[in-house]
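> Structure file start-v5.txt (compact mmCIF, C-alpha atoms) right here:
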```txt
# COMPACT_ATOMS: atom_id res chain seq x y z
CA MET A 371 73.38 -18.52 -202.26
CA THR A 372 70.30 -19.07 -200.10
CA ILE A 373 67.67 -16.39 -199.64
CA LYS A 374 68.87 -15.66 -196.09
CA GLU A 375 72.44 -15.39 -197.32
CA ALA A 376 71.21 -12.94 -199.98
CA ILE A 377 69.59 -10.83 -197.25
CA LEU A 378 72.80 -10.77 -195.20
CA LYS A 379 74.89 -9.93 -198.27
CA SER A 380 72.57 -7.04 -199.11
CA LEU A 381 72.74 -5.68 -195.56
CA GLU A 382 76.51 -5.96 -195.84
CA ASP A 383 76.42 -3.83 -199.02
CA LEU A 384 73.88 -1.28 -197.77
CA LYS A 385 75.52 -0.76 -194.33
CA VAL A 386 72.70 1.54 -193.13
CA PRO A 387 69.29 0.60 -191.64
CA SER A 388 67.08 -0.36 -194.58
CA ALA A 389 63.44 -1.30 -195.10
CA HIS A 390 62.53 -4.74 -196.42
CA ASN A 391 61.54 -3.38 -199.85
CA ILE A 392 64.96 -1.69 -200.27
CA ILE A 393 66.68 -4.95 -199.34
CA TYR A 394 64.49 -6.83 -201.81
CA LYS A 395 65.34 -4.41 -204.64
CA HIS A 396 69.05 -4.71 -203.83
CA ILE A 397 68.85 -8.50 -204.01
CA ILE A 398 67.21 -8.25 -207.44
CA GLU A 399 69.65 -5.65 -208.75
CA LYS A 400 72.66 -7.70 -207.68
CA SER A 401 71.07 -11.01 -208.72
CA TYR A 402 71.92 -12.47 -205.31
CA TYR A 403 68.85 -14.68 -205.44
CA ILE A 404 66.42 -15.71 -208.19
CA PHE A 405 62.83 -15.87 -206.97
CA THR A 406 61.05 -18.75 -208.65
CA LYS A 407 58.30 -19.48 -206.14
CA GLY A 408 55.74 -17.40 -204.32
CA LYS A 409 53.54 -14.61 -205.62
CA THR A 410 54.91 -11.90 -203.34
CA PRO A 411 58.69 -12.29 -202.87
CA GLU A 412 58.94 -8.85 -201.26
CA SER A 413 56.71 -10.08 -198.44
CA THR A 414 58.92 -13.15 -198.14
CA ILE A 415 61.89 -10.86 -197.46
CA ALA A 416 59.87 -9.00 -194.80
CA ALA A 417 58.91 -12.27 -193.11
CA LEU A 418 62.45 -13.65 -193.14
CA LEU A 419 63.85 -10.41 -191.74
CA GLY A 420 61.35 -10.78 -188.93
CA ASP A 421 62.61 -14.33 -188.39
CA PHE A 422 66.14 -13.04 -187.73
CA ILE A 423 64.71 -11.00 -184.84
CA ARG A 424 62.30 -13.66 -183.53
CA ASP A 425 65.02 -16.31 -183.60
CA ASN A 426 67.43 -14.02 -181.70
CA ASP A 427 69.93 -14.14 -184.55
CA THR A 428 72.50 -11.64 -183.28
CA ARG A 429 73.73 -10.78 -186.77
CA VAL A 430 70.68 -8.66 -187.57
CA LYS A 431 69.00 -5.87 -185.59
CA ARG A 432 66.21 -3.42 -186.33
CA ILE A 433 64.78 -0.03 -185.40
CA LYS A 434 61.40 1.50 -186.06
CA ASN A 435 60.98 3.15 -189.46
CA ILE A 436 60.10 6.74 -188.50
CA LYS A 437 59.20 7.63 -192.10
CA GLY A 438 56.68 4.85 -192.55
CA ARG A 439 55.29 1.63 -191.12
CA GLY A 440 57.46 -1.32 -190.18
CA TYR A 441 61.15 -1.51 -189.36
CA LEU A 442 64.62 -0.76 -190.72
CA TYR A 443 67.12 -3.63 -190.55
CA TYR A 444 70.92 -3.53 -190.30
CA LEU A 445 73.88 -5.74 -189.43
CA SER A 446 74.78 -5.54 -185.75
CA LYS A 447 78.50 -5.26 -186.57
CA TYR A 448 77.80 -1.80 -188.06
CA GLU A 449 75.93 -0.61 -184.96
CA ASN A 450 78.73 1.66 -183.74
CA GLU A 451 78.88 3.38 -187.14
CA ILE A 452 75.14 4.20 -187.26
CA SER A 453 73.79 7.48 -185.85
CA PHE A 454 70.72 6.50 -183.87
CA GLU A 455 70.49 9.99 -182.35
CA GLU A 456 69.24 11.29 -185.70
CA ASN A 457 66.44 8.75 -185.56
CA VAL A 458 65.51 9.78 -182.01
CA ILE A 459 65.48 13.50 -182.87
CA SER A 460 63.40 12.90 -185.97
CA THR A 461 60.93 10.87 -183.93
CA LYS A 462 60.51 13.68 -181.40
CA GLU A 463 60.08 16.28 -184.11
CA THR A 464 57.49 14.16 -185.86
CA LYS A 465 55.48 13.78 -182.67
CA LYS A 466 55.62 17.52 -181.97
CA SER A 467 54.81 18.65 -185.49
CA GLN A 468 51.91 16.34 -186.17
CA LYS A 469 50.04 13.37 -184.84
CA MET A 470 50.11 10.70 -187.48
CA LYS A 471 46.66 9.78 -188.79
CA ASN A 472 47.50 6.13 -189.34
CA SER A 473 48.72 5.41 -185.83
CA TYR A 474 47.32 2.97 -183.29
CA ASN A 475 46.50 3.88 -179.71
CA GLU A 476 48.18 2.35 -176.69
CA ARG A 477 44.93 0.81 -175.55
CA ASP A 478 44.54 -0.95 -178.88
CA LEU A 479 47.26 -3.27 -177.57
CA HIS A 480 45.18 -4.46 -174.62
CA LYS A 481 43.28 -7.06 -176.66
CA LEU A 482 46.57 -8.42 -178.00
CA LEU A 483 47.92 -8.78 -174.46
CA SER A 484 44.70 -10.31 -173.12
CA SER A 485 44.85 -12.90 -175.93
CA TYR A 486 48.45 -13.77 -175.07
CA LEU A 487 47.55 -14.06 -171.37
CA LYS A 488 44.45 -16.14 -172.09
CA ASN A 489 46.69 -18.60 -173.91
CA GLN A 490 48.74 -18.78 -170.68
CA ASN A 491 45.58 -19.51 -168.62
CA ILE A 492 45.63 -16.03 -167.09
CA TYR A 493 42.42 -14.03 -166.62
CA ALA A 494 43.10 -10.38 -167.51
CA LYS A 495 41.19 -7.16 -166.95
CA THR A 496 41.90 -3.59 -168.10
CA ILE A 497 41.75 -0.99 -165.32
CA LEU A 498 41.10 2.56 -166.51
CA HIS A 499 42.50 5.21 -164.18
CA GLU A 500 39.97 7.78 -165.46
CA GLU A 501 37.16 5.63 -164.03
CA SER A 502 38.59 5.97 -160.54
CA LYS A 503 37.67 8.52 -157.93
CA ASN A 504 39.84 11.65 -158.16
CA SER A 505 40.72 10.57 -161.71
CA LYS A 506 41.73 14.14 -162.63
CA ASP A 507 44.74 13.78 -160.35
CA ASP A 508 47.63 12.79 -162.63
CA HIS A 509 49.32 11.02 -159.73
CA GLN A 510 46.57 8.39 -159.93
CA LYS A 511 48.28 7.07 -163.05
CA TRP A 512 51.21 5.97 -160.90
CA ILE A 513 49.12 3.64 -158.71
CA HIS A 514 46.95 2.11 -161.45
CA SER A 515 48.04 -0.80 -163.58
CA ASP A 516 46.96 -0.76 -167.22
CA MET A 517 45.90 -4.37 -166.83
CA ILE A 518 45.80 -6.95 -164.05
CA GLY A 519 45.86 -10.72 -164.35
CA ILE A 520 45.14 -13.71 -162.13
CA GLU A 521 46.53 -17.19 -162.62
CA PHE A 522 45.12 -20.06 -160.56
CA LEU A 523 47.13 -23.12 -159.70
CA GLN A 524 45.82 -25.88 -161.97
CA LEU A 525 44.87 -28.78 -159.71
CA THR A 526 42.62 -31.54 -161.03
CA SER A 527 42.00 -33.51 -157.87
CA PRO A 528 39.19 -32.12 -155.63
CA VAL A 529 41.11 -33.43 -152.61
CA ASN A 530 44.25 -31.52 -153.59
CA LYS A 531 42.22 -28.35 -154.20
CA ALA A 532 40.64 -28.51 -150.76
CA PHE A 533 43.94 -29.43 -149.12
CA MET A 534 45.78 -26.50 -150.73
CA LYS A 535 43.09 -24.03 -149.70
CA ILE A 536 43.27 -25.18 -146.10
CA LEU A 537 47.07 -24.95 -145.96
CA ASN A 538 47.69 -21.67 -147.75
CA LYS A 539 45.19 -19.94 -150.02
CA ALA A 540 47.87 -17.54 -151.23
CA ASP A 541 49.63 -20.44 -152.95
CA THR A 542 46.58 -21.23 -155.08
CA PHE A 543 46.84 -18.06 -157.17
CA LYS A 544 49.25 -15.40 -158.39
CA ILE A 545 48.27 -11.82 -159.32
CA THR A 546 50.24 -9.89 -161.93
CA SER A 547 50.24 -6.21 -162.89
CA TYR A 548 50.96 -5.04 -166.46
CA GLU A 549 52.12 -1.60 -167.64
CA ILE A 550 51.62 -1.33 -171.41
CA LYS A 551 53.48 0.95 -173.85
CA LYS A 552 53.44 1.26 -177.63
CA GLU A 553 57.18 1.53 -178.05
CA ILE A 554 60.40 1.90 -176.10
CA ASN A 555 63.17 3.23 -178.32
CA THR A 556 65.41 5.28 -176.04
CA ASP A 557 67.03 4.96 -172.63
CA TYR A 558 64.82 7.80 -171.38
CA GLU A 559 61.63 6.04 -172.54
CA LEU A 560 62.81 2.82 -170.91
CA LYS A 561 63.56 4.46 -167.56
CA LYS A 562 60.29 6.40 -167.47
CA SER A 563 58.16 3.40 -168.42
CA TYR A 564 60.03 0.98 -166.18
CA PHE A 565 59.70 3.03 -163.02
CA GLN A 566 56.04 3.68 -163.75
CA ALA A 567 55.69 -0.12 -163.84
CA VAL A 568 57.61 -0.36 -160.55
CA SER A 569 55.16 2.07 -158.94
CA ASN A 570 51.99 0.59 -160.47
CA SER A 571 52.98 -2.99 -159.66
CA SER A 572 54.07 -2.54 -156.05
CA TRP A 573 50.96 -4.34 -154.74
CA ALA A 574 51.06 -7.44 -157.00
CA ASN A 575 52.94 -10.75 -156.87
CA TYR A 576 54.54 -9.97 -160.23
CA GLY A 577 54.91 -6.84 -162.35
CA TYR A 578 55.61 -6.57 -166.07
CA LEU A 579 56.41 -3.78 -168.50
CA VAL A 580 54.91 -4.65 -171.90
CA ALA A 581 55.68 -3.01 -175.26
CA LEU A 582 55.03 -3.84 -178.90
CA GLU A 583 58.22 -2.21 -180.15
CA ILE A 584 61.41 -2.41 -178.08
CA SER A 585 64.82 -1.32 -179.33
CA ASP A 586 67.41 -4.10 -179.31
CA ASN A 587 69.98 -1.53 -178.17
CA LEU A 588 68.36 -1.39 -174.71
CA ARG A 589 68.72 -5.07 -173.80
CA ASP A 590 71.67 -4.60 -171.41
CA GLU A 591 69.91 -1.80 -169.54
CA MET A 592 66.68 -3.82 -169.38
CA GLU A 593 68.61 -6.68 -167.82
CA ARG A 594 70.21 -4.36 -165.26
CA LEU A 595 66.86 -2.85 -164.26
CA ASN A 596 65.27 -6.29 -164.03
CA GLN A 597 68.01 -7.57 -161.73
CA SER A 598 67.81 -4.46 -159.54
CA PHE A 599 64.05 -3.91 -159.28
CA GLY A 600 62.41 -7.19 -160.34
CA ILE A 601 59.91 -5.92 -162.91
CA GLY A 602 59.80 -8.27 -165.90
CA ILE A 603 59.60 -7.24 -169.56
CA ILE A 604 57.35 -8.73 -172.23
CA GLU A 605 57.84 -8.12 -175.94
CA LEU A 606 54.31 -8.10 -177.33
CA LYS A 607 53.76 -9.19 -180.92
CA SER A 608 51.01 -8.26 -183.36
CA ASN A 609 50.39 -11.99 -183.43
CA PRO A 610 50.03 -12.23 -179.64
CA TYR A 611 50.87 -15.94 -179.53
CA GLU A 612 54.40 -15.07 -180.68
CA SER A 613 54.91 -12.71 -177.74
CA ARG A 614 57.71 -13.58 -175.36
CA ILE A 615 59.02 -12.76 -171.92
CA LEU A 616 62.42 -11.09 -172.32
CA PHE A 617 63.03 -10.93 -168.57
CA GLN A 618 61.08 -12.79 -165.89
CA ALA A 619 59.49 -10.80 -163.07
CA LYS A 620 60.55 -11.56 -159.51
CA TYR A 621 57.96 -12.78 -157.03
CA LYS A 622 56.91 -10.65 -154.05
CA GLU A 623 54.16 -10.83 -151.45
CA LEU A 624 50.89 -9.01 -152.02
CA ASP A 625 50.62 -5.51 -150.55
CA PHE A 626 47.12 -5.57 -149.06
CA LYS A 627 47.16 -1.90 -148.01
CA THR A 628 47.60 -0.80 -151.62
CA ILE A 629 45.07 -3.39 -152.79
CA ASP A 630 42.59 -1.92 -150.31
CA LYS A 631 43.29 1.60 -151.60
CA LEU A 632 42.76 0.53 -155.21
CA CYS A 633 39.52 -1.23 -154.28
CA ARG A 634 38.26 1.99 -152.70
CA VAL A 635 39.02 4.18 -155.72
CA ASN A 636 38.20 1.86 -158.63
CA GLU A 637 35.01 -0.23 -158.85
CA LYS A 638 36.26 -2.57 -161.57
CA TYR A 639 39.42 -3.33 -159.64
CA GLU A 640 37.29 -4.02 -156.57
CA LYS A 641 35.01 -6.30 -158.62
CA PHE A 642 38.04 -8.24 -159.91
CA ILE A 643 39.36 -8.80 -156.36
CA GLU A 644 35.87 -9.76 -155.18
CA LEU A 645 35.55 -12.42 -157.88
CA ILE A 646 38.95 -13.84 -156.93
CA GLU A 647 37.85 -14.07 -153.30
CA ARG A 648 34.62 -15.84 -154.29
CA ILE A 649 36.48 -18.37 -156.45
CA LEU A 650 38.88 -19.16 -153.62
CA THR A 651 36.12 -19.66 -151.05
CA ILE A 652 33.31 -21.17 -153.14
CA ASP A 653 32.48 -24.85 -152.82
CA GLU A 654 33.28 -27.18 -155.72
CA ARG A 655 29.66 -27.42 -156.89
CA ASN A 656 29.41 -23.69 -157.63
CA TYR A 657 32.98 -23.15 -158.84
CA LYS A 658 32.15 -23.25 -162.57
CA SER A 659 29.48 -20.55 -162.33
CA ILE A 660 31.83 -18.12 -160.54
CA GLU A 661 34.65 -18.97 -162.95
CA LYS A 662 32.34 -18.11 -165.87
CA GLU A 663 31.40 -14.83 -164.18
CA LEU A 664 35.08 -13.95 -163.89
CA SER A 665 35.72 -14.93 -167.50
CA ASP A 666 32.80 -12.78 -168.72
CA PHE A 667 34.00 -9.85 -166.62
CA CYS A 668 37.54 -9.99 -168.03
CA ASP A 669 38.78 -8.51 -171.31
CA SER A 670 37.81 -10.10 -174.60
CA TYR A 671 40.40 -11.95 -176.68
CA PHE A 672 40.93 -13.22 -180.22
CA THR A 673 39.73 -16.64 -181.30
CA SER A 674 41.42 -16.90 -184.72
CA ASP A 675 44.48 -15.65 -186.63
CA SER A 676 42.30 -14.01 -189.28
CA GLU A 677 40.55 -12.02 -186.55
CA ILE A 678 43.93 -10.82 -185.28
CA GLU A 679 45.11 -9.78 -188.73
CA LYS A 680 41.88 -7.87 -189.45
CA TYR A 681 42.06 -6.11 -186.08
CA CYS A 682 45.68 -5.02 -186.64
CA GLU A 683 44.80 -3.73 -190.10
CA GLU A 684 41.86 -1.70 -188.77
CA LYS A 685 43.89 -0.26 -185.89
CA PHE A 686 47.04 0.36 -188.01
CA ILE A 687 49.10 -1.93 -185.80
CA PRO A 688 52.20 -3.17 -187.70
CA TYR A 689 51.53 -6.78 -188.62
CA GLU A 690 54.19 -9.14 -189.95
CA ASP A 691 52.54 -11.46 -192.46
CA LYS A 692 54.25 -14.84 -192.53
CA LYS A 693 51.94 -16.47 -195.08
CA ASN A 694 54.07 -15.70 -198.10
CA TYR A 695 57.03 -17.93 -197.37
CA GLU A 696 58.71 -19.57 -200.32
```
Could you express the structure from this file as structure tokens?

Amino acid sequence: MTIKEAILKSLEDLKVPSAHNIIYKHIIEKSYYIFTKGKTPESTIAALLGDFIRDNDTRVKRIKNIKGRGYLYYLSKYENEISFEENVISTKETKKSQKMKNSYNERDLHKLLSSYLKNQNIYAKTILHEESKNSKDDHQKWIHSDMIGIEFLQLTSPVNKAFMKILNKADTFKITSYEIKKEINTDYELKKSYFQAVSNSSWANYGYLVALEISDNLRDEMERLNQSFGIGIIELKSNPYESRILFQAKYKELDFKTIDKLCRVNEKYEKFIELIERILTIDERNYKSIEKELSDFCDSYFTSDSEIEKYCEEKFIPYEDKKNYE
């Protein structure tokens, strides 16, 4: 029996959502697998369970562990026999009764997203609604993106660059809006977050809803919303380079009236748009200096895996360590 077969056999026995350490203990108790390599076999189980999810293996699903960090894993064939409502109620009660000390903030995810976007050659900037005029108006939250990004068409030939700008400047760049959430575990959370993204992204070429933790049970509804309203969905990972687009956003033309409104109420948004305009109109000799100014103005990002791991540990962001493979 392989180690993955041992995991599946244990989930078959347990039948209920279980943490990686419970699954590990069950494997040992039943002697399903003999660990002969690796100093931390329990971490190996955690990493391999994560692989089932990352590889879209439909046999295994997971939900957030409301009683601790990490996830609970179960076989998808038992999904109809599991009471997820109990998990939802417990989550609400926990949030009402106390705010967990070891919990990350939503904005702690911005650096993870900016790192993912940087790897995609997208310049990203956080826009804080409280820095806008009339920031005490809660309705402002429904016009502000959490983050905006700009991707320029990568042309190497100076002739092509000049030619494209003459023909249609709009085709040389694409602007994207991002609405960021910590977790989306219920249909209600999905609907609320999704339509906030619809509102906040109305002005941009593309709009995305981004979350670190998304319930697998919501995939069908996410697909329906995406087909109907065009907002894409990104599953963010604690290792941002493993993040993936679950559903692609649909392209739309820029809404310049809303862009103008956002420029008037938020200085950083206005600065971002101004830098884009300067890059699109600057001559080739001065392009690099303006590009550097834009890069310096945008959000910071990680430069190494060890930096990511340390950041997640400090911010209490669940981090799946894959170093302890056998």
> What is the atom CA of A:Met592 to atom CA of A:Phe617 distance in Å?
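According to the coordinates, atom CA of A:Met592 and atom CA of A:Phe617 are separated by 8.0 Å.
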> Specify the axis-aligned box that encloses all atoms of stretch 634-648 of chain A listed in the file after padding of 5 Å on each side, stating its centre and edge lengths in Å to one decimal as AutoDock Vina command-line options.

```
--center_x 37.0 --center_y -5.8 --center_z -157.1 --size_x 14.8 --size_y 30.0 --size_z 18.9
```
> Of the residues A:Met517, A:Leu588, A:Ala619, A:Ala574, which is the one nearest to A:Glu559, using all atoms listed in the file?
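Checking each candidate against A:Glu559, we get A:Leu588 as the closest.
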> Between A:Glu593, A:Lys620, A:Asp625, A:Thr546, single out the one closest to A:Ser572, counting all atoms listed in the file.
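Closest to A:Ser572 of all the choices is A:Asp625.
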> One decimal, Å: what's the distance from atom CA of A:Lys552 over to atom CA of A:Thr496, could you say?
15.7 Å
> Residues near A:Val580, anyone? I mean within 7 Å using all atoms listed in the file, not counting same-chain ones fewer than 6 positions away, as a PyMOL selection string.
chain A and resi 548-551+603-606
> Atom CA of A:Ile646 and atom CA of A:Ile520, how far apart in Å?
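Computed distance, atom CA of A:Ile520 to atom CA of A:Ile646, equals 8.1 Å.
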> Neighbouring residues of A:Tyr671 were defined as those with any atom within 8 Å, considering only C-alpha atoms; residues of the same chain fewer than 6 positions away were excluded. Please report them as a PyMOL selection string.
chain A and resi 481-482+484-485+488
> Would you please work out which residue, of A:Val635, A:Ile554, A:Leu381, A:Leu579, is nearest to A:Ser502 when using all atoms listed in the file?
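Closest candidate: A:Val635.
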> Which is closer to A:Ser676 than all the others in A:Glu654, A:Asn609, A:Lys662, A:Asp478, using all atoms listed in the file?
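Answer, going by the shortest atom-to-atom distance: A:Asn609.
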> Determine, counting all atoms listed in the file, every residue of protein, DNA or RNA that lies within 12 Å of (60.9, 3.0, -162.0) in the file coordinates, then give the result as a PDB file with C-alpha atoms, in the coordinates of the input.

```
ATOM      1  CA  TRP A 512      51.210   5.970-160.900  1.00  0.00           C
ATOM      2  CA  GLU A 549      52.120  -1.600-167.640  1.00  0.00           C
ATOM      3  CA  TYR A 558      64.820   7.800-171.380  1.00  0.00           C
ATOM      4  CA  GLU A 559      61.630   6.040-172.540  1.00  0.00           C
ATOM      5  CA  LEU A 560      62.810   2.820-170.910  1.00  0.00           C
ATOM      6  CA  LYS A 561      63.560   4.460-167.560  1.00  0.00           C
ATOM      7  CA  LYS A 562      60.290   6.400-167.470  1.00  0.00           C
ATOM      8  CA  SER A 563      58.160   3.400-168.420  1.00  0.00           C
ATOM      9  CA  TYR A 564      60.030   0.980-166.180  1.00  0.00           C
ATOM     10  CA  PHE A 565      59.700   3.030-163.020  1.00  0.00           C
ATOM     11  CA  GLN A 566      56.040   3.680-163.750  1.00  0.00           C
ATOM     12  CA  ALA A 567      55.690  -0.120-163.840  1.00  0.00           C
ATOM     13  CA  VAL A 568      57.610  -0.360-160.550  1.00  0.00           C
ATOM     14  CA  SER A 569      55.160   2.070-158.940  1.00  0.00           C
ATOM     15  CA  ASN A 570      51.990   0.590-160.470  1.00  0.00           C
ATOM     16  CA  SER A 571      52.980  -2.990-159.660  1.00  0.00           C
ATOM     17  CA  SER A 572      54.070  -2.540-156.050  1.00  0.00           C
ATOM     18  CA  GLY A 577      54.910  -6.840-162.350  1.00  0.00           C
ATOM     19  CA  TYR A 578      55.610  -6.570-166.070  1.00  0.00           C
ATOM     20  CA  LEU A 579      56.410  -3.780-168.500  1.00  0.00           C
ATOM     21  CA  MET A 592      66.680  -3.820-169.380  1.00  0.00           C
ATOM     22  CA  LEU A 595      66.860  -2.850-164.260  1.00  0.00           C
ATOM     23  CA  ASN A 596      65.270  -6.290-164.030  1.00  0.00           C
ATOM     24  CA  SER A 598      67.810  -4.460-159.540  1.00  0.00           C
ATOM     25  CA  PHE A 599      64.050  -3.910-159.280  1.00  0.00           C
ATOM     26  CA  GLY A 600      62.410  -7.190-160.340  1.00  0.00           C
ATOM     27  CA  ILE A 601      59.910  -5.920-162.910  1.00  0.00           C
ATOM     28  CA  GLY A 602      59.800  -8.270-165.900  1.00  0.00           C
TER      29      GLY A 602
END
```
> Which is closer to A:Gly420 than all the others in A:Tyr689, A:Lys395, A:Lys385, A:Leu487, using all atoms listed in the file?
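So, comparing all the options, the nearest one is A:Tyr689.
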> For A:Phe543, which of A:Leu650, A:Ile392, A:Leu498, A:Ile584 is the closest residue, counting only C-alpha atoms?
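When distances to A:Phe543 are compared using only C-alpha atoms, the smallest one comes from A:Leu650.
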> Determine, counting all atoms listed in the file, which protein, DNA and RNA residues have an atom within 12 Å of an atom of A:Ile377; residues of the same chain fewer than 4 positions away are not included. Present the result as a PyMOL selection string.
chain A and resi 371-373+381-384+388-398+400-403+412+414-422+429-430+443-445
